[in-house]
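*Asks:* Take a look at this one; I'll ask things after.
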Amino acid sequence: MTKTILSIGTYDTKNAELEFIQACIEEQGGKVLTMDVSVLGDPAQPTAISKHDVARAGGMTIDEVIALGDENQAFRVMSDGAAKLAAETWRQGRVDGMIALGGTMGTDLALDCAQALPLGVPKYIVSTVSFSPLIPPERLAPDIQMILWAGGLYGLNSICKSSLAQAAGAVLGAARAAQPPDNAKPLIGMTSLGSSCLKYMKSLKPELEERGFEVAVFHSTGMGGMAFESLAKSGAFCCVMDFCLQEFGNLLAGSLVSSGSDRLTSAGKSGIPQIVAPGALDLVDFAGWQEIPEQYADRPFHEHNRLIKSSVFNSDERRRWVHELGDRLEGAEGEVHFLLPTGGIEEWDRPGQEAHDPEGLSAFVEEARIVLPGRIPMTEIDAHINDPEFDEAVLTIFDDWVDRGVVRPK
């Protein structure tokens with residue numbers, strides 16, 4: 001089946017580059033649906049979705065956008081309209097993927113369009129600031145692809161054609177290869193880290209699959225949590241087992257290893273039942289290239305690899321996290337059950353390991369006993385989160401939910 005790619009850009013200033021991308025896609029047997037997000041100028045040829053269409057979708061006429069007299073304000077309107085139309089064209093079955101081109105202005109708009117499309121829809125951005133620190137993690141769609149628009153600031157040349165051609169081939173190839181979820185089995189979303197830190201998924205996944213469910217485990221190092229929250233927001237899960245809250249602790253501490261401000265909220269807002277545990281909520285992450293901030297310098301420390309390293313939260317911080325945790329879970333529309341493993345919450349906090357801090361763990365447990373009962377159903381487990389007793393507690397709650405119809409097998 002022929003695949004159609006939505007091509008987004010300012011056709012008044014980037015017409016040659018966008019036409020080159022279109023030609024590359026068509027030469028490989030694909031089709032292109034063009035969207036012009038220009039403000040002042042006009043494209044050399046009419047586009048399928050005009051700048052007038054985009055402005056209207058953003059709530060203004062193009063003349064009103066121009067009258068704003070500020071390019072940032074103007075492009076905010078165009079970004080809003082472009083994102084709405086990108087989502088609409090996909091819902092209508094008119095496109096199978098998206099490609100966009102731009103400098104900082106075009107990239108800003110393209111990021112909104114990418115986030116408007118569901119996980120699994122190919123989305124490529126050719127940008128002069130590809131994966132730059134200018135782009136905060138929360139602006140990135142979980143499955144976005146970017147390539148640097150090298151040497152392409154003004155006009156076509158052999159250097160930038162290489163980037164444009166790669167992106168054109170990549171998005172068309174991805175659209176052809178993409179496999180949408182078949183939804184044959186109800187899906188459980190689970191969070192974790194690598195098995196050297198958290199191990200429960202090794203035993204829980206096969207047990208849940210035997211019960212007729214599919215299990216997707218998300219790596220909680222920023223982008224994984226963003227994907228998890230995005231799918232929860234869309235109602236993709238029948239249940240979530242959110243057992244790794246490291247991203248949540250990172251968010252509260254201001255770490256750059258974050259999955260965004262909505263962590264631990266999307267499933268609740270969607271009414272999805274949640275079993276939650278505080279796995280790795282004792283650790284704050286830093287990029288491998290960062291210096292450890294002075295306030296963490298005298299704390300237990302774990303250097304996982306050259307990309308990521310962690311320090312340990314102190315007792316006061318852990319007590320504060322309990323209150324924020326309770327606030328977020330208490331607002332859930334669906335059932336919630338919190339599991340409190342009193343023997344430890346990740347492998348490196350065991351006796352003899354570098355993150356062992358019994359005083360900090362005790363502070364968290366004591367605060368949870370005070371704050372959570374009466375607000376959230378809670379079960380204490382006299383074991384470590386990586387011990388079999390934790391898995392047994394999870395399955396006991398889950399099986400009860402299935403029996404009561406809280407979680408429904410298909």
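As shown in the structure tokens, the chain order sets the letters A, B, ...; within each chain, residues go from 1, and ligands are also counted from 1 in the order they appear.
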List the neighbours of region 240-244 of chain A out to 7 Å using only C-alpha atoms; skip same-chain residues closer than 5 positions along the sequence, and give me the result as an NGL selection string.

*Replies:* :A and (188-192 or 220 or 273-280)

*Asks:* For those residues, write N, CA, C and O atoms to a file as a PDB file, in the first residue's frame.

*Replies:*
ATOM      1  N   ILE A 188      -0.873  -3.965  29.917  1.00  0.00           N
ATOM      2  CA  ILE A 188      -0.443  -3.439  31.212  1.00  0.00           C
ATOM      3  C   ILE A 188       0.835  -2.639  30.998  1.00  0.00           C
ATOM      4  O   ILE A 188       1.779  -3.116  30.379  1.00  0.00           O
ATOM      5  N   GLY A 189       0.870  -1.416  31.492  1.00  0.00           N
ATOM      6  CA  GLY A 189       2.079  -0.599  31.441  1.00  0.00           C
ATOM      7  C   GLY A 189       2.828  -0.699  32.755  1.00  0.00           C
ATOM      8  O   GLY A 189       2.250  -0.492  33.822  1.00  0.00           O
ATOM      9  N   MET A 190       4.103  -1.028  32.689  1.00  0.00           N
ATOM     10  CA  MET A 190       4.927  -1.188  33.887  1.00  0.00           C
ATOM     11  C   MET A 190       6.182  -0.346  33.746  1.00  0.00           C
ATOM     12  O   MET A 190       6.762  -0.254  32.665  1.00  0.00           O
ATOM     13  N   THR A 191       6.604   0.308  34.829  1.00  0.00           N
ATOM     14  CA  THR A 191       7.853   1.074  34.813  1.00  0.00           C
ATOM     15  C   THR A 191       8.924   0.330  35.592  1.00  0.00           C
ATOM     16  O   THR A 191       8.642  -0.346  36.580  1.00  0.00           O
ATOM     17  N   SER A 192      10.174   0.490  35.134  1.00  0.00           N
ATOM     18  CA  SER A 192      11.293  -0.151  35.822  1.00  0.00           C
ATOM     19  C   SER A 192      12.585   0.502  35.358  1.00  0.00           C
ATOM     20  O   SER A 192      12.586   1.460  34.579  1.00  0.00           O
ATOM     21  N   SER A 220      12.604   3.875  32.972  1.00  0.00           N
ATOM     22  CA  SER A 220      12.297   5.166  33.596  1.00  0.00           C
ATOM     23  C   SER A 220      13.518   6.071  33.691  1.00  0.00           C
ATOM     24  O   SER A 220      13.991   6.399  34.781  1.00  0.00           O
ATOM     25  N   PRO A 273      -6.762   1.930  36.556  1.00  0.00           N
ATOM     26  CA  PRO A 273      -6.330   1.442  37.871  1.00  0.00           C
ATOM     27  C   PRO A 273      -4.809   1.350  37.960  1.00  0.00           C
ATOM     28  O   PRO A 273      -4.153   0.947  36.996  1.00  0.00           O
ATOM     29  N   GLN A 274      -4.272   1.719  39.138  1.00  0.00           N
ATOM     30  CA  GLN A 274      -2.832   1.794  39.315  1.00  0.00           C
ATOM     31  C   GLN A 274      -2.382   1.051  40.571  1.00  0.00           C
ATOM     32  O   GLN A 274      -2.948   1.265  41.644  1.00  0.00           O
ATOM     33  N   ILE A 275      -1.379   0.218  40.411  1.00  0.00           N
ATOM     34  CA  ILE A 275      -0.623  -0.292  41.555  1.00  0.00           C
ATOM     35  C   ILE A 275       0.712   0.447  41.511  1.00  0.00           C
ATOM     36  O   ILE A 275       1.397   0.442  40.491  1.00  0.00           O
ATOM     37  N   VAL A 276       1.057   1.104  42.609  1.00  0.00           N
ATOM     38  CA  VAL A 276       2.221   1.986  42.630  1.00  0.00           C
ATOM     39  C   VAL A 276       3.151   1.562  43.758  1.00  0.00           C
ATOM     40  O   VAL A 276       2.703   1.157  44.835  1.00  0.00           O
ATOM     41  N   ALA A 277       4.452   1.638  43.496  1.00  0.00           N
ATOM     42  CA  ALA A 277       5.464   1.360  44.514  1.00  0.00           C
ATOM     43  C   ALA A 277       6.618   2.342  44.323  1.00  0.00           C
ATOM     44  O   ALA A 277       6.824   2.847  43.211  1.00  0.00           O
ATOM     45  N   PRO A 278       7.408   2.607  45.384  1.00  0.00           N
ATOM     46  CA  PRO A 278       8.419   3.665  45.313  1.00  0.00           C
ATOM     47  C   PRO A 278       9.788   3.199  44.837  1.00  0.00           C
ATOM     48  O   PRO A 278      10.817   3.621  45.367  1.00  0.00           O
ATOM     49  N   GLY A 279       9.823   2.329  43.831  1.00  0.00           N
ATOM     50  CA  GLY A 279      11.106   1.843  43.341  1.00  0.00           C
ATOM     51  C   GLY A 279      12.039   2.957  42.929  1.00  0.00           C
ATOM     52  O   GLY A 279      11.659   3.842  42.158  1.00  0.00           O
ATOM     53  N   ALA A 280      13.264   2.943  43.450  1.00  0.00           N
ATOM     54  CA  ALA A 280      14.330   3.889  43.095  1.00  0.00           C
ATOM     55  C   ALA A 280      13.975   5.342  43.409  1.00  0.00           C
ATOM     56  O   ALA A 280      14.621   6.245  42.884  1.00  0.00           O
TER      57      ALA A 280
END

*Asks:* Show me, as a PyMOL selection string, the residues that have an atom within 10 Å of region 8-15 of chain A when counting only C-alpha atoms, minus same-chain residues fewer than 6 positions from it.

*Replies:* chain A and resi 21+33-47+49-51+82+86+98-102+105-107+109-110+113+125+152-156

*Asks:* Suppose we keep C-alpha atoms; can you now write the selection as a PDB file, in the first residue's frame?

*Replies:*
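Here's the written file part-v5.pdb:
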ATOM      1  CA  ILE A  21      12.178  16.203   0.189  1.00  0.00           C
ATOM      2  CA  LEU A  33       0.569  15.892   1.631  1.00  0.00           C
ATOM      3  CA  THR A  34       1.972  19.415   1.931  1.00  0.00           C
ATOM      4  CA  MET A  35       1.257  21.893   4.744  1.00  0.00           C
ATOM      5  CA  ASP A  36       2.438  25.495   4.478  1.00  0.00           C
ATOM      6  CA  VAL A  37       3.043  27.243   7.815  1.00  0.00           C
ATOM      7  CA  SER A  38       4.386  30.497   6.358  1.00  0.00           C
ATOM      8  CA  VAL A  39       3.085  33.802   7.657  1.00  0.00           C
ATOM      9  CA  LEU A  40       4.200  36.624   5.365  1.00  0.00           C
ATOM     10  CA  GLY A  41       5.063  35.012   2.025  1.00  0.00           C
ATOM     11  CA  ASP A  42       3.389  32.577  -0.343  1.00  0.00           C
ATOM     12  CA  PRO A  43       4.584  29.234  -1.729  1.00  0.00           C
ATOM     13  CA  ALA A  44       5.715  28.873  -5.321  1.00  0.00           C
ATOM     14  CA  GLN A  45       2.897  26.343  -5.836  1.00  0.00           C
ATOM     15  CA  PRO A  46      -0.323  25.881  -3.814  1.00  0.00           C
ATOM     16  CA  THR A  47      -0.065  23.390  -0.947  1.00  0.00           C
ATOM     17  CA  ILE A  49      -3.068  22.627   3.448  1.00  0.00           C
ATOM     18  CA  SER A  50      -2.544  26.357   3.114  1.00  0.00           C
ATOM     19  CA  LYS A  51      -1.297  28.893   5.630  1.00  0.00           C
ATOM     20  CA  ALA A  82      -0.550  23.062  12.516  1.00  0.00           C
ATOM     21  CA  ALA A  86      -1.569  17.213  11.781  1.00  0.00           C
ATOM     22  CA  MET A  98       5.199  13.317   9.262  1.00  0.00           C
ATOM     23  CA  ILE A  99       8.318  15.185   8.217  1.00  0.00           C
ATOM     24  CA  ALA A 100       9.069  18.810   9.040  1.00  0.00           C
ATOM     25  CA  LEU A 101      11.899  21.181   8.261  1.00  0.00           C
ATOM     26  CA  GLY A 102      13.091  24.287  10.048  1.00  0.00           C
ATOM     27  CA  MET A 105      11.227  28.772  14.546  1.00  0.00           C
ATOM     28  CA  GLY A 106      10.254  25.857  12.323  1.00  0.00           C
ATOM     29  CA  THR A 107      11.538  23.335  14.858  1.00  0.00           C
ATOM     30  CA  LEU A 109       6.340  24.446  15.498  1.00  0.00           C
ATOM     31  CA  ALA A 110       7.344  20.958  14.338  1.00  0.00           C
ATOM     32  CA  CYS A 113       3.016  18.723  15.500  1.00  0.00           C
ATOM     33  CA  ILE A 125      12.259  16.673  11.998  1.00  0.00           C
ATOM     34  CA  GLY A 152      21.232  24.168   4.971  1.00  0.00           C
ATOM     35  CA  LEU A 153      20.530  27.537   6.494  1.00  0.00           C
ATOM     36  CA  TYR A 154      20.063  29.201   3.108  1.00  0.00           C
ATOM     37  CA  GLY A 155      19.513  27.245  -0.077  1.00  0.00           C
ATOM     38  CA  LEU A 156      20.271  23.764  -1.355  1.00  0.00           C
TER      39      LEU A 156
END

*Asks:* May I have a table of the residues of region 197-239 of chain A lying at most 8 Å from region 390-406 of chain A, giving each one's closest pair of atoms and their distance in Å to one decimal, counting only C-alpha atoms, ordered by chain and ascending residue number, as JSON lines?

*Replies:*
{"residue": "A:Tyr200", "atom": "CA", "partner": "A:Asp391", "partner_atom": "CA", "distance": 6.4}
{"residue": "A:Ser203", "atom": "CA", "partner": "A:Asp391", "partner_atom": "CA", "distance": 7.4}
{"residue": "A:Leu204", "atom": "CA", "partner": "A:Asp391", "partner_atom": "CA", "distance": 6.4}

*Asks:* Looking at A:Thr2, A:Asn314, A:Thr61, A:Thr265, which one is nearest to Gly29 (chain A), with distances taken over only C-alpha atoms?

*Replies:*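 Between A:Thr2, A:Asn314, A:Thr61, A:Thr265, the residue approaching Gly29 (chain A) most closely is A:Thr2.
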
*Asks:* Rank A:Pro300, A:Gly30, A:Pro142, A:Gly194 by their smallest atom-to-atom distance to Ala174 (chain A), using only C-alpha atoms, and report the top residue only.

*Replies:*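 Closest to Ala174 (chain A) of all the choices is A:Gly30.
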
*Asks:* What's the 10 Å shell around Pro118 (chain A), counting only C-alpha atoms, without same-chain residues fewer than 5 positions away, as a ChimeraX atom specification?

*Replies:* /A:87,90-91,123,141-143,230-231,234
